[in-house]
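So this block is model_15.pdb, PDB, C-alpha atoms and all ligand atoms:
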ATOM      1  CA  MET A   1      19.487   5.705   0.702
ATOM      2  CA  ASN A   2      21.568   3.699  -1.722
ATOM      3  CA  HIS A   3      21.328   5.526  -5.038
ATOM      4  CA  ASP A   4      22.888   2.659  -7.019
ATOM      5  CA  THR A   5      19.844   0.494  -6.464
ATOM      6  CA  CYS A   6      17.282   3.190  -7.252
ATOM      7  CA  ILE A   7      15.305   2.132 -10.339
ATOM      8  CA  ALA A   8      12.525   4.714 -10.330
ATOM      9  CA  ARG A   9      12.307   8.170  -8.803
ATOM     10  CA  LEU A  10      10.086  11.170  -8.297
ATOM     11  CA  GLU A  11      12.125  14.192  -7.216
ATOM     12  CA  GLY A  12      10.420  17.411  -6.109
ATOM     13  CA  VAL A  13       7.451  16.659  -8.359
ATOM     14  CA  HIS A  14       4.448  18.977  -8.591
ATOM     15  CA  LYS A  15       1.299  18.090 -10.479
ATOM     16  CA  ARG A  16      -1.951  20.058 -10.609
ATOM     17  CA  TYR A  17      -5.267  19.265 -12.234
ATOM     18  CA  GLY A  18      -6.833  22.723 -12.676
ATOM     19  CA  ALA A  19      -7.233  24.110  -9.178
ATOM     20  CA  VAL A  20      -6.454  20.760  -7.495
ATOM     21  CA  THR A  21      -2.898  20.136  -6.313
ATOM     22  CA  ALA A  22      -2.439  16.366  -6.719
ATOM     23  CA  LEU A  23       1.327  16.284  -5.988
ATOM     24  CA  ASP A  24       3.042  18.969  -3.966
ATOM     25  CA  GLY A  25       6.789  18.436  -4.306
ATOM     26  CA  ILE A  26       6.791  14.660  -3.757
ATOM     27  CA  ASN A  27      10.081  12.737  -3.406
ATOM     28  CA  LEU A  28       9.914   8.983  -3.830
ATOM     29  CA  ASP A  29      12.619   6.407  -4.600
ATOM     30  CA  ILE A  30      11.939   2.817  -5.627
ATOM     31  CA  HIS A  31      14.789   0.367  -5.117
ATOM     32  CA  ARG A  32      15.695  -2.826  -6.927
ATOM     33  CA  GLY A  33      14.303  -5.942  -5.280
ATOM     34  CA  GLU A  34      12.029  -4.192  -2.803
ATOM     35  CA  LEU A  35       8.329  -4.438  -2.149
ATOM     36  CA  LEU A  36       7.212  -0.868  -1.519
ATOM     37  CA  ALA A  37       3.706  -0.091  -0.312
ATOM     38  CA  LEU A  38       2.208   3.328  -0.979
ATOM     39  CA  LEU A  39      -0.374   4.031   1.658
ATOM     40  CA  GLY A  40      -2.523   7.080   2.031
ATOM     41  CA  PRO A  41      -6.053   8.350   2.282
ATOM     42  CA  ASN A  42      -8.297   8.811  -0.774
ATOM     43  CA  GLY A  43      -7.017  11.596  -2.995
ATOM     44  CA  ALA A  44      -3.520  11.602  -1.425
ATOM     45  CA  GLY A  45      -1.745  11.334  -4.791
ATOM     46  CA  LYS A  46      -0.857   7.628  -4.988
ATOM     47  CA  THR A  47      -2.407   6.946  -8.395
ATOM     48  CA  THR A  48      -1.049  10.214  -9.798
ATOM     49  CA  SER A  49       2.470   9.247  -8.643
ATOM     50  CA  ILE A  50       2.184   5.894 -10.386
ATOM     51  CA  GLY A  51       0.701   7.535 -13.498
ATOM     52  CA  LEU A  52       3.769   9.779 -13.777
ATOM     53  CA  LEU A  53       6.158   6.838 -13.412
ATOM     54  CA  LEU A  54       4.213   5.016 -16.125
ATOM     55  CA  GLY A  55       4.509   8.025 -18.433
ATOM     56  CA  LEU A  56       0.719   8.451 -18.545
ATOM     57  CA  HIS A  57       0.947  12.099 -17.482
ATOM     58  CA  ARG A  58       3.665  14.727 -17.332
ATOM     59  CA  ALA A  59       4.829  16.504 -14.174
ATOM     60  CA  ASP A  60       4.373  20.287 -14.017
ATOM     61  CA  SER A  61       7.821  20.509 -12.403
ATOM     62  CA  GLY A  62      10.408  18.240 -10.810
ATOM     63  CA  THR A  63      12.069  15.117 -12.196
ATOM     64  CA  VAL A  64      10.511  11.727 -12.956
ATOM     65  CA  SER A  65      12.739   8.853 -13.987
ATOM     66  CA  LEU A  66      12.274   5.171 -14.705
ATOM     67  CA  PHE A  67      15.438   3.067 -14.996
ATOM     68  CA  GLY A  68      17.303   6.366 -15.327
ATOM     69  CA  ARG A  69      15.252   7.379 -18.356
ATOM     70  CA  ASP A  70      12.170   9.378 -19.210
ATOM     71  CA  PRO A  71       9.155   7.168 -18.322
ATOM     72  CA  GLN A  72       7.810   7.613 -21.857
ATOM     73  CA  ASP A  73      10.950   5.988 -23.284
ATOM     74  CA  ILE A  74       9.919   2.648 -24.803
ATOM     75  CA  ASP A  75      12.997   0.805 -23.477
ATOM     76  CA  ALA A  76      12.114   1.845 -19.928
ATOM     77  CA  ARG A  77       8.435   0.929 -20.387
ATOM     78  CA  ARG A  78       9.313  -2.550 -21.622
ATOM     79  CA  ARG A  79      10.858  -3.298 -18.228
ATOM     80  CA  ILE A  80       7.657  -2.707 -16.251
ATOM     81  CA  GLY A  81       4.331  -4.452 -15.718
ATOM     82  CA  VAL A  82       1.176  -2.685 -14.659
ATOM     83  CA  MET A  83      -2.131  -3.505 -13.037
ATOM     84  CA  LEU A  84      -4.269  -0.376 -12.678
ATOM     85  CA  GLN A  85      -7.504   0.091 -10.732
ATOM     86  CA  SER A  86      -9.634  -0.208 -13.840
ATOM     87  CA  ALA A  87      -8.902  -2.028 -17.046
ATOM     88  CA  ASN A  88     -10.795  -1.634 -20.308
ATOM     89  CA  LEU A  89     -10.111  -4.904 -22.074
ATOM     90  CA  PRO A  90     -11.704  -6.217 -25.265
ATOM     91  CA  PRO A  91     -14.591  -8.252 -23.818
ATOM     92  CA  THR A  92     -14.822 -10.912 -26.504
ATOM     93  CA  LEU A  93     -11.250 -12.188 -26.211
ATOM     94  CA  LYS A  94     -10.438 -15.326 -24.268
ATOM     95  CA  VAL A  95      -8.087 -15.045 -21.307
ATOM     96  CA  ARG A  96      -5.376 -16.978 -23.195
ATOM     97  CA  GLU A  97      -5.586 -14.478 -26.079
ATOM     98  CA  LEU A  98      -5.424 -11.463 -23.783
ATOM     99  CA  ILE A  99      -2.239 -12.714 -22.143
ATOM    100  CA  ARG A 100      -0.708 -13.677 -25.487
ATOM    101  CA  VAL A 101      -1.418 -10.246 -27.021
ATOM    102  CA  THR A 102       0.037  -8.480 -23.963
ATOM    103  CA  ALA A 103       3.155 -10.669 -24.041
ATOM    104  CA  SER A 104       3.680  -9.851 -27.737
ATOM    105  CA  TYR A 105       4.566  -6.225 -26.862
ATOM    106  CA  TYR A 106       7.611  -7.307 -24.855
ATOM    107  CA  PRO A 107      11.022  -8.527 -25.984
ATOM    108  CA  ARG A 108      11.420 -11.251 -23.320
ATOM    109  CA  PRO A 109       7.915 -12.377 -22.339
ATOM    110  CA  ARG A 110       6.763 -15.165 -20.058
ATOM    111  CA  THR A 111       4.736 -17.951 -21.631
ATOM    112  CA  VAL A 112       0.954 -17.874 -21.232
ATOM    113  CA  ALA A 113       1.153 -21.033 -19.109
ATOM    114  CA  GLU A 114       3.723 -19.482 -16.790
ATOM    115  CA  CYS A 115       1.636 -16.319 -16.254
ATOM    116  CA  ALA A 116      -1.464 -18.419 -15.623
ATOM    117  CA  THR A 117       0.313 -20.627 -13.093
ATOM    118  CA  ILE A 118       1.721 -17.693 -11.133
ATOM    119  CA  ALA A 119      -1.660 -15.920 -11.087
ATOM    120  CA  GLY A 120      -3.571 -19.147 -10.330
ATOM    121  CA  ILE A 121      -5.851 -18.847 -13.368
ATOM    122  CA  THR A 122      -4.929 -21.941 -15.400
ATOM    123  CA  ASP A 123      -8.565 -23.072 -15.280
ATOM    124  CA  LEU A 124      -9.746 -19.749 -16.761
ATOM    125  CA  LEU A 125      -7.565 -19.654 -19.904
ATOM    126  CA  GLU A 126     -10.293 -20.752 -22.333
ATOM    127  CA  ARG A 127     -12.979 -18.501 -20.812
ATOM    128  CA  ARG A 128     -14.070 -15.169 -22.289
ATOM    129  CA  TYR A 129     -12.928 -12.248 -20.156
ATOM    130  CA  VAL A 130     -16.371 -10.627 -20.161
ATOM    131  CA  ALA A 131     -17.969 -13.722 -18.632
ATOM    132  CA  LEU A 132     -15.654 -13.804 -15.611
ATOM    133  CA  SER A 133     -16.476 -12.586 -12.104
ATOM    134  CA  GLY A 134     -14.907  -9.346 -10.871
ATOM    135  CA  GLY A 135     -12.375 -11.218  -8.737
ATOM    136  CA  GLN A 136     -11.460 -13.556 -11.621
ATOM    137  CA  GLN A 137     -10.990 -10.549 -13.926
ATOM    138  CA  ARG A 138      -8.658  -8.984 -11.351
ATOM    139  CA  ARG A 139      -6.517 -12.151 -11.318
ATOM    140  CA  VAL A 140      -6.403 -12.159 -15.124
ATOM    141  CA  GLN A 141      -5.209  -8.539 -15.016
ATOM    142  CA  PHE A 142      -2.452  -9.671 -12.646
ATOM    143  CA  ALA A 143      -1.438 -12.429 -15.093
ATOM    144  CA  MET A 144      -1.304  -9.825 -17.885
ATOM    145  CA  ALA A 145       0.890  -7.547 -15.747
ATOM    146  CA  LEU A 146       3.399 -10.415 -15.472
ATOM    147  CA  ALA A 147       3.436 -11.229 -19.171
ATOM    148  CA  GLY A 148       6.399  -9.025 -20.102
ATOM    149  CA  HIS A 149       8.603 -10.568 -17.413
ATOM    150  CA  PRO A 150       8.828  -7.156 -15.751
ATOM    151  CA  GLU A 151      11.680  -6.075 -13.512
ATOM    152  CA  LEU A 152       9.307  -3.612 -11.836
ATOM    153  CA  LEU A 153       5.635  -4.258 -11.254
ATOM    154  CA  PHE A 154       3.108  -1.529 -10.380
ATOM    155  CA  LEU A 155      -0.021  -2.887  -8.731
ATOM    156  CA  ASP A 156      -2.697  -0.293  -7.935
ATOM    157  CA  GLU A 157      -4.984  -1.747  -5.241
ATOM    158  CA  PRO A 158      -4.601  -5.261  -6.671
ATOM    159  CA  THR A 159      -6.706  -7.106  -4.121
ATOM    160  CA  THR A 160      -9.853  -4.999  -4.523
ATOM    161  CA  GLY A 161     -12.740  -7.398  -5.104
ATOM    162  CA  LEU A 162     -10.789 -10.554  -4.198
ATOM    163  CA  ASP A 163     -12.122 -13.018  -1.640
ATOM    164  CA  VAL A 164      -9.931 -14.059   1.279
ATOM    165  CA  GLY A 165      -8.469 -17.120  -0.493
ATOM    166  CA  ALA A 166      -7.708 -15.235  -3.700
ATOM    167  CA  ARG A 167      -6.131 -12.391  -1.705
ATOM    168  CA  GLN A 168      -3.823 -14.836   0.104
ATOM    169  CA  GLY A 169      -2.964 -16.419  -3.259
ATOM    170  CA  LEU A 170      -2.058 -13.035  -4.714
ATOM    171  CA  TRP A 171       0.077 -12.133  -1.680
ATOM    172  CA  ASN A 172       1.986 -15.400  -2.065
ATOM    173  CA  ALA A 173       2.481 -14.792  -5.776
ATOM    174  CA  ILE A 174       3.788 -11.269  -5.072
ATOM    175  CA  ARG A 175       6.164 -12.581  -2.390
ATOM    176  CA  ASN A 176       7.494 -15.213  -4.811
ATOM    177  CA  LEU A 177       8.071 -12.630  -7.545
ATOM    178  CA  VAL A 178      10.059 -10.454  -5.146
ATOM    179  CA  ALA A 179      12.018 -13.500  -3.937
ATOM    180  CA  THR A 180      13.060 -14.127  -7.538
ATOM    181  CA  GLY A 181      14.319 -10.571  -8.014
ATOM    182  CA  ALA A 182      11.359  -8.456  -9.129
ATOM    183  CA  SER A 183      10.579  -5.100  -7.535
ATOM    184  CA  VAL A 184       6.968  -4.313  -6.708
ATOM    185  CA  VAL A 185       5.137  -1.083  -5.917
ATOM    186  CA  LEU A 186       1.700  -1.576  -4.414
ATOM    187  CA  THR A 187      -0.916   0.961  -3.497
ATOM    188  CA  MET A 188      -3.362  -0.165  -0.914
ATOM    189  CA  HIS A 189      -5.996   0.811   1.568
ATOM    190  CA  TYR A 190      -5.897  -2.422   3.528
ATOM    191  CA  LEU A 191      -3.273  -1.755   6.128
ATOM    192  CA  GLU A 192      -2.922  -5.389   7.072
ATOM    193  CA  GLU A 193      -1.666  -6.010   3.540
ATOM    194  CA  ALA A 194       1.268  -3.682   4.145
ATOM    195  CA  GLU A 195       1.991  -5.524   7.380
ATOM    196  CA  ALA A 196       1.850  -8.867   5.595
ATOM    197  CA  LEU A 197       3.837  -7.893   2.528
ATOM    198  CA  ALA A 198       5.866  -4.728   2.462
ATOM    199  CA  ASP A 199       9.592  -4.244   3.053
ATOM    200  CA  ARG A 200       9.018  -0.526   3.131
ATOM    201  CA  VAL A 201       6.006   1.732   3.387
ATOM    202  CA  SER A 202       5.661   5.297   2.140
ATOM    203  CA  VAL A 203       2.742   7.148   3.634
ATOM    204  CA  ILE A 204       1.453   9.784   1.220
ATOM    205  CA  ALA A 205      -0.836  12.620   2.266
ATOM    206  CA  ARG A 206      -1.807  15.772   0.345
ATOM    207  CA  GLY A 207       0.659  15.099  -2.452
ATOM    208  CA  ARG A 208       3.753  14.449  -0.367
ATOM    209  CA  VAL A 209       5.469  11.581   1.435
ATOM    210  CA  VAL A 210       4.815  12.317   5.101
ATOM    211  CA  SER A 211       6.560   9.259   6.495
ATOM    212  CA  GLU A 212       8.520   6.302   5.230
ATOM    213  CA  GLY A 213      10.303   3.305   6.599
ATOM    214  CA  THR A 214       9.740  -0.310   7.527
ATOM    215  CA  VAL A 215       6.397  -1.335   8.976
ATOM    216  CA  ASP A 216       8.126  -1.668  12.368
ATOM    217  CA  ALA A 217       9.707   1.775  12.102
ATOM    218  CA  LEU A 218       6.349   3.334  11.281
ATOM    219  CA  ARG A 219       4.739   1.602  14.205
ATOM    220  CA  ALA A 220       7.513   2.852  16.467
ATOM    221  CA  HIS A 221       6.441   6.427  15.624
ATOM    222  CA  VAL A 222       3.369   5.758  17.626
ATOM    223  CA  ALA A 223       3.744   5.890  21.342
ATOM    224  CA  VAL A 224       0.303   4.443  22.050
ATOM    225  CA  ARG A 225       0.094   0.885  23.372
ATOM    226  CA  ARG A 226      -2.913  -1.218  24.001
ATOM    227  CA  ILE A 227      -3.411  -3.098  27.270
ATOM    228  CA  ARG A 228      -5.957  -5.912  27.424
ATOM    229  CA  CYS A 229      -6.913  -7.900  30.496
ATOM    230  CA  LEU A 230      -9.659  -9.606  32.472
ATOM    231  CA  THR A 231     -10.174  -7.550  35.605
ATOM    232  CA  ALA A 232     -12.697  -6.673  38.280
ATOM    233  CA  VAL A 233     -11.615  -3.010  38.308
ATOM    234  CA  PRO A 234     -14.651  -0.970  37.153
ATOM    235  CA  LEU A 235     -14.393   0.736  33.755
ATOM    236  CA  ASP A 236     -15.234   4.206  35.115
ATOM    237  CA  THR A 237     -12.397   3.910  37.668
ATOM    238  CA  VAL A 238      -9.914   3.174  34.885
ATOM    239  CA  GLN A 239     -11.301   5.938  32.665
ATOM    240  CA  ALA A 240     -10.551   8.449  35.433
ATOM    241  CA  TRP A 241      -6.831   7.551  35.612
ATOM    242  CA  PRO A 242      -4.780  10.388  34.039
ATOM    243  CA  GLU A 243      -2.541   8.154  31.863
ATOM    244  CA  VAL A 244      -5.516   6.544  30.116
ATOM    245  CA  GLU A 245      -6.268   7.915  26.631
ATOM    246  CA  ASP A 246      -9.156   5.584  26.045
ATOM    247  CA  ALA A 247     -10.701   2.640  27.884
ATOM    248  CA  SER A 248     -13.550   0.355  26.910
ATOM    249  CA  MET A 249     -14.900  -3.147  27.445
ATOM    250  CA  GLN A 250     -14.490  -5.471  24.441
ATOM    251  CA  GLN A 251     -15.785  -9.046  24.638
ATOM    252  CA  GLY A 252     -15.645  -8.980  28.413
ATOM    253  CA  ARG A 253     -12.086  -7.626  28.512
ATOM    254  CA  LEU A 254     -10.863  -4.224  29.569
ATOM    255  CA  VAL A 255      -8.989  -2.533  26.692
ATOM    256  CA  ILE A 256      -6.892   0.555  27.438
ATOM    257  CA  ALA A 257      -4.993   2.826  25.033
ATOM    258  CA  THR A 258      -2.109   4.610  26.718
ATOM    259  CA  GLN A 259       1.350   6.076  26.258
ATOM    260  CA  HIS A 260       2.272   4.901  29.786
ATOM    261  CA  ALA A 261       1.748   1.144  29.634
ATOM    262  CA  GLU A 262       4.225   0.272  32.408
ATOM    263  CA  VAL A 263       2.664   2.691  34.919
ATOM    264  CA  LEU A 264      -0.820   1.376  34.206
ATOM    265  CA  VAL A 265       0.157  -2.298  34.323
ATOM    266  CA  ARG A 266       1.722  -1.722  37.751
ATOM    267  CA  ARG A 267      -1.402   0.077  38.996
ATOM    268  CA  LEU A 268      -3.785  -2.551  37.618
ATOM    269  CA  LEU A 269      -1.843  -5.374  39.296
ATOM    270  CA  ALA A 270      -1.715  -3.422  42.559
ATOM    271  CA  VAL A 271      -5.482  -2.889  42.725
ATOM    272  CA  ASP A 272      -6.587  -6.262  41.345
ATOM    273  CA  ALA A 273      -4.663  -9.323  42.511
ATOM    274  CA  GLY A 274      -6.989 -11.497  40.424
ATOM    275  CA  LEU A 275      -6.171  -9.763  37.117
ATOM    276  CA  ALA A 276      -5.709 -12.317  34.302
ATOM    277  CA  GLU A 277      -4.826 -12.717  30.621
ATOM    278  CA  LEU A 278      -2.754  -9.533  30.519
ATOM    279  CA  GLU A 279      -1.559  -8.444  27.059
ATOM    280  CA  VAL A 280       0.356  -5.318  26.064
ATOM    281  CA  GLN A 281       0.659  -4.545  22.366
ATOM    282  CA  ARG A 282       2.277  -1.856  20.323
ATOM    283  CA  ALA A 283      -0.163  -0.018  18.078
ATOM    284  CA  GLY A 284      -0.879  -1.602  14.715
ATOM    285  CA  LEU A 285      -0.087   0.032  11.422
ATOM    286  CA  ALA A 286      -3.646   1.371  11.315
ATOM    287  CA  GLU A 287      -3.043   3.489  14.407
ATOM    288  CA  ALA A 288       0.399   4.527  13.151
ATOM    289  CA  PHE A 289      -1.068   5.602   9.839
ATOM    290  CA  THR A 290      -3.840   7.643  11.468
ATOM    291  CA  GLU A 291      -1.388   9.322  13.815
ATOM    292  CA  ILE A 292       1.167  10.111  11.086
ATOM    293  CA  THR A 293      -1.389  11.652   8.736
ATOM    294  CA  ARG A 294      -2.953  13.608  11.627
ATOM    295  CA  ASP A 295       0.478  14.946  12.712
ATOM    296  CA  SER A 296       1.340  16.026   9.177
ATOM    297  CA  GLU A 297      -2.035  17.796   8.832
ATOM    298  CA  ALA A 298      -1.345  19.671  12.077
ATOM    299  CA  ALA A 299       2.152  20.621  10.838
ATOM    300  CA  ASP A 300       0.694  21.909   7.538
ATOM    301  CA  ALA A 301      -1.962  23.923   9.364
ATOM    302  CA  ALA A 302       0.715  25.470  11.620
ATOM    303  CA  ARG A 303       2.857  26.353   8.588
ATOM    304  CA  GLU A 304      -0.089  27.956   6.804
ATOM    305  CA  ALA A 305      -1.033  29.952   9.917
ATOM    306  CA  ALA A 306       2.556  31.258  10.370
TER     307      ALA A 306
HETATM  308  N1  LIG B 401      -7.832  13.505 -14.053
HETATM  309  C1  LIG B 401      -8.011  14.262 -12.965
HETATM  310  N2  LIG B 401      -8.651  15.457 -13.048
HETATM  311  C2  LIG B 401      -8.821  16.246 -11.961
HETATM  312  N3  LIG B 401      -8.380  15.921 -10.717
HETATM  313  C3  LIG B 401      -7.735  14.754 -10.577
HETATM  314  C4  LIG B 401      -7.517  13.869 -11.677
HETATM  315  N4  LIG B 401      -6.858  12.772 -11.220
HETATM  316  C5  LIG B 401      -6.669  12.981  -9.893
HETATM  317  N5  LIG B 401      -7.191  14.161  -9.503
HETATM  318  C6  LIG B 401      -7.155  14.737  -8.148
HETATM  319  O1  LIG B 401      -5.815  14.678  -7.692
HETATM  320  C7  LIG B 401      -5.761  14.293  -6.321
HETATM  321  C8  LIG B 401      -4.922  13.013  -6.167
HETATM  322  O2  LIG B 401      -5.630  11.929  -6.761
HETATM  323  P1  LIG B 401      -5.060  10.424  -6.841
HETATM  324  O3  LIG B 401      -5.980   9.644  -7.715
HETATM  325  O4  LIG B 401      -3.626  10.479  -7.227
HETATM  326  O5  LIG B 401      -5.194   9.970  -5.321
HETATM  327  P2  LIG B 401      -5.060   8.490  -4.674
HETATM  328  O6  LIG B 401      -4.125   8.648  -3.524
HETATM  329  O7  LIG B 401      -4.691   7.512  -5.718
HETATM  330  O8  LIG B 401      -6.538   8.254  -4.154
HETATM  331  P3  LIG B 401      -7.412   6.880  -3.993
HETATM  332  O9  LIG B 401      -6.889   6.227  -2.752
HETATM  333  O10 LIG B 401      -8.782   7.435  -3.788
HETATM  334  O11 LIG B 401      -7.250   6.076  -5.225
HETATM  335  C9  LIG B 401      -7.207  14.145  -5.866
HETATM  336  O12 LIG B 401      -7.609  15.354  -5.257
HETATM  337  C10 LIG B 401      -7.965  13.921  -7.166
HETATM  338  O13 LIG B 401      -9.284  14.394  -7.049
END
As structure tokens, what does this structure read like?
Amino acid sequence: MNHDTCIARLEGVHKRYGAVTALDGINLDIHRGELLALLGPNGAGKTTSIGLLLGLHRADSGTVSLFGRDPQDIDARRRIGVMLQSANLPPTLKVRELIRVTASYYPRPRTVAECATIAGITDLLERRYVALSGGQQRRVQFAMALAGHPELLFLDEPTTGLDVGARQGLWNAIRNLVATGASVVLTMHYLEEAEALADRVSVIARGRVVSEGTVDALRAHVAVRRIRCLTAVPLDTVQAWPEVEDASMQQGRLVIATQHAEVLVRRLLAVDAGLAELEVQRAGLAEAFTEITRDSEAADAAREAA
């Protein structure tokens, strides 16, 4: 890890809410210019991690730093932009006014027009926030997060409630911001978003990072491959082969999950000369994610039992 480029860090951080352990010694580095996705099941500690970096809560122990400072330091906070899962905004203000007020807190803001263009909401500027649809409100919140010209942008599940077109628009806007030097931390549940966007993914489970790396590196953790083909070999024959973890028919095709793709491809071709449309794929991020969190649960259970 290159420490020179680290702009935000959680180091050995613990955080409890009463009896609930939200963070259990988490270590997380955010680097300049990267698009980092935080993935994890509900309750894993993603929002709590972001809340600490935003200075909204204090860690029980461990170190939290933002641009090398305490996250509650105003000079550090002026360098970030934030879009949280819920926003309580004054309902009577127009979109233009909301962005202008937000920008006024920052020393080097973007213009209202610039924020609106990036977020694709130019046509909404004269509308009252309260009268917008949920998806439109989400895009306005994104425009507000950009208003301070942030070096580091925290987006907590930003595409929740967006239709397909708006989601694509937001992805493009995020990519453009990163291309022009911003760093972005995203939390998400939609795994395909991480595949589409992220340079790096940190998988969080039970208050710790259980795996991190590029999307490809995470996928490589998973030995399972998926074979698809059109074949006359009966499903129950395939299900009885020892290398097959799972086999089913999907839209007329045989789909096999296996850790021994080469062996099975050879056997399929040997028993069915008419086999067609053969595809072999590495597992997607969804499978990788499930396997990584399952492995870390098993490791925790073993540690507790010891
Ligand atoms: N204010 C709070 N009071 C009590 N418990 C809390 C509070 N905030 C979070 N928790 C608990 O801390 C743990 C981590 O929650 P957190 O919101 O950080 O998870 P998350 O990964 O963001 O989940 P999600 O994907 O559901 O948003 C959970 O068990 C949650 O119930």
TODO: Determine the nearest neighbour of ligand LIG 401 (chain B) from the options A:Arg69, A:Arg206, A:His31, A:Arg9, counting only C-alpha atoms and all ligand atoms.
DONE: A:Arg206
TODO: Write out as a list in words the residues lying within 9 Å of A:Ser202, counting all atoms listed in the file and excluding same-chain residues fewer than 3 positions away.
DONE: Leu28, Leu36, Ala37, Leu38, Leu39, Gly40, Val209, Val210, Ser211, Glu212, Gly213 and Thr214 of chain A
Write a file of the just-selected residues containing C-alpha atoms, as a PDB file, keeping the file's coordinate frame.
ATOM      1  CA  LEU A  28       9.914   8.983  -3.830  1.00  0.00           C
ATOM      2  CA  LEU A  36       7.212  -0.868  -1.519  1.00  0.00           C
ATOM      3  CA  ALA A  37       3.706  -0.091  -0.312  1.00  0.00           C
ATOM      4  CA  LEU A  38       2.208   3.328  -0.979  1.00  0.00           C
ATOM      5  CA  LEU A  39      -0.374   4.031   1.658  1.00  0.00           C
ATOM      6  CA  GLY A  40      -2.523   7.080   2.031  1.00  0.00           C
ATOM      7  CA  VAL A 209       5.469  11.581   1.435  1.00  0.00           C
ATOM      8  CA  VAL A 210       4.815  12.317   5.101  1.00  0.00           C
ATOM      9  CA  SER A 211       6.560   9.259   6.495  1.00  0.00           C
ATOM     10  CA  GLU A 212       8.520   6.302   5.230  1.00  0.00           C
ATOM     11  CA  GLY A 213      10.303   3.305   6.599  1.00  0.00           C
ATOM     12  CA  THR A 214       9.740  -0.310   7.527  1.00  0.00           C
TER      13      THR A 214
END
- [ ] Would you write out, as a count of residues only, every residue that the PyMOL selection byres (((chain A and resi 73-85) around 9) and not hetatm) captures in this file?
- [x] 34
Open item on the list: Given only C-alpha atoms as the basis, pick out the residue of A:Ala205, A:Val164, A:Ala301, A:Ala143 nearest to A:Thr21.
Closed with: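 The answer is A:Ala205, which sits nearest to A:Thr21.
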Open item on the list: Just the number, please: distance in Å from atom CA of A:Ser183 to atom CA of A:Leu35, one decimal.
Closed with: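 Those two atoms sit 5.9 Å apart.
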TODO: Show me as a PyMOL selection string the residues that reach within 8 Å of (-0.9, -10.1, 26.0), counting all atoms listed in the file and using the file's own coordinates.
DONE: chain A and resi 227-229+277-281
Output C-alpha atoms for every residue in that selection, as a PDB file, keeping the file's coordinate frame.
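The file below, result-v9.pdb, is the result:
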ATOM      1  CA  ILE A 227      -3.411  -3.098  27.270  1.00  0.00           C
ATOM      2  CA  ARG A 228      -5.957  -5.912  27.424  1.00  0.00           C
ATOM      3  CA  CYS A 229      -6.913  -7.900  30.496  1.00  0.00           C
ATOM      4  CA  GLU A 277      -4.826 -12.717  30.621  1.00  0.00           C
ATOM      5  CA  LEU A 278      -2.754  -9.533  30.519  1.00  0.00           C
ATOM      6  CA  GLU A 279      -1.559  -8.444  27.059  1.00  0.00           C
ATOM      7  CA  VAL A 280       0.356  -5.318  26.064  1.00  0.00           C
ATOM      8  CA  GLN A 281       0.659  -4.545  22.366  1.00  0.00           C
TER       9      GLN A 281
END
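Of note, atom CA of A:Thr258 and atom CA of A:Arg226 are spaced 6.5 Å apart.
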Task: Close residues to ligand LIG 401 (chain B) using all atoms listed in the file, limit 8 Å, as a list of chain:residue names - done: A:Arg16, A:Tyr17, A:Gly18, A:Val20, A:Thr21, A:Ala22, A:Leu23, A:Leu39, A:Gly40, A:Pro41, A:Asn42, A:Gly43, A:Ala44, A:Gly45, A:Lys46, A:Thr47, A:Thr48, A:Ser49, A:Thr187, A:Met188, A:His189, A:Ile204, A:Ala205, A:Arg206, A:Gly207
Open item on the list: Report, in Å to a single decimal, how far apart atom CA of A:Val271 and atom CA of A:Val233 are.
Closed with: 7.6 Å
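Distance check against A:Ala220 using only C-alpha atoms: of A:Phe289, A:Leu254, A:Arg58, A:Gly169, the minimum falls on A:Phe289.
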Open item on the list: Once the PyMOL selection byres (((chain A and resi 239) around 12) and not hetatm) is applied to the coordinates I shared, what remains selected? I want it as number ranges by chain.
Closed with: A: 233-238, 240-249, 254-258, 264
Centre, x/y/z edge lengths, axis-aligned box for stretch 35-47 of chain A with 3 Å per side, as JSON:
{"center_x": 0.0, "center_y": 3.6, "center_z": -3.1, "size_x": 22.6, "size_y": 22.0, "size_z": 16.7}
Task: Expected selection from the PyMOL selection byres (((chain A and resi 124-132) around 7) and not hetatm), given as a list of chain:residue names - done: A:Pro91, A:Thr92, A:Leu93, A:Lys94, A:Val95, A:Arg96, A:Ile121, A:Thr122, A:Asp123, A:Ser133, A:Gly134, A:Gln136, A:Gln137
Output of the above residues as a PDB file, in the coordinates of the input, restricted to C-alpha atoms:
ATOM      1  CA  PRO A  91     -14.591  -8.252 -23.818  1.00  0.00           C
ATOM      2  CA  THR A  92     -14.822 -10.912 -26.504  1.00  0.00           C
ATOM      3  CA  LEU A  93     -11.250 -12.188 -26.211  1.00  0.00           C
ATOM      4  CA  LYS A  94     -10.438 -15.326 -24.268  1.00  0.00           C
ATOM      5  CA  VAL A  95      -8.087 -15.045 -21.307  1.00  0.00           C
ATOM      6  CA  ARG A  96      -5.376 -16.978 -23.195  1.00  0.00           C
ATOM      7  CA  ILE A 121      -5.851 -18.847 -13.368  1.00  0.00           C
ATOM      8  CA  THR A 122      -4.929 -21.941 -15.400  1.00  0.00           C
ATOM      9  CA  ASP A 123      -8.565 -23.072 -15.280  1.00  0.00           C
ATOM     10  CA  SER A 133     -16.476 -12.586 -12.104  1.00  0.00           C
ATOM     11  CA  GLY A 134     -14.907  -9.346 -10.871  1.00  0.00           C
ATOM     12  CA  GLN A 136     -11.460 -13.556 -11.621  1.00  0.00           C
ATOM     13  CA  GLN A 137     -10.990 -10.549 -13.926  1.00  0.00           C
TER      14      GLN A 137
END
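Proximity to A:Thr180 was assessed for A:Leu197, A:Val112, A:Gly33, A:Arg208 counting all atoms listed in the file; the smallest distance is recorded for A:Gly33.
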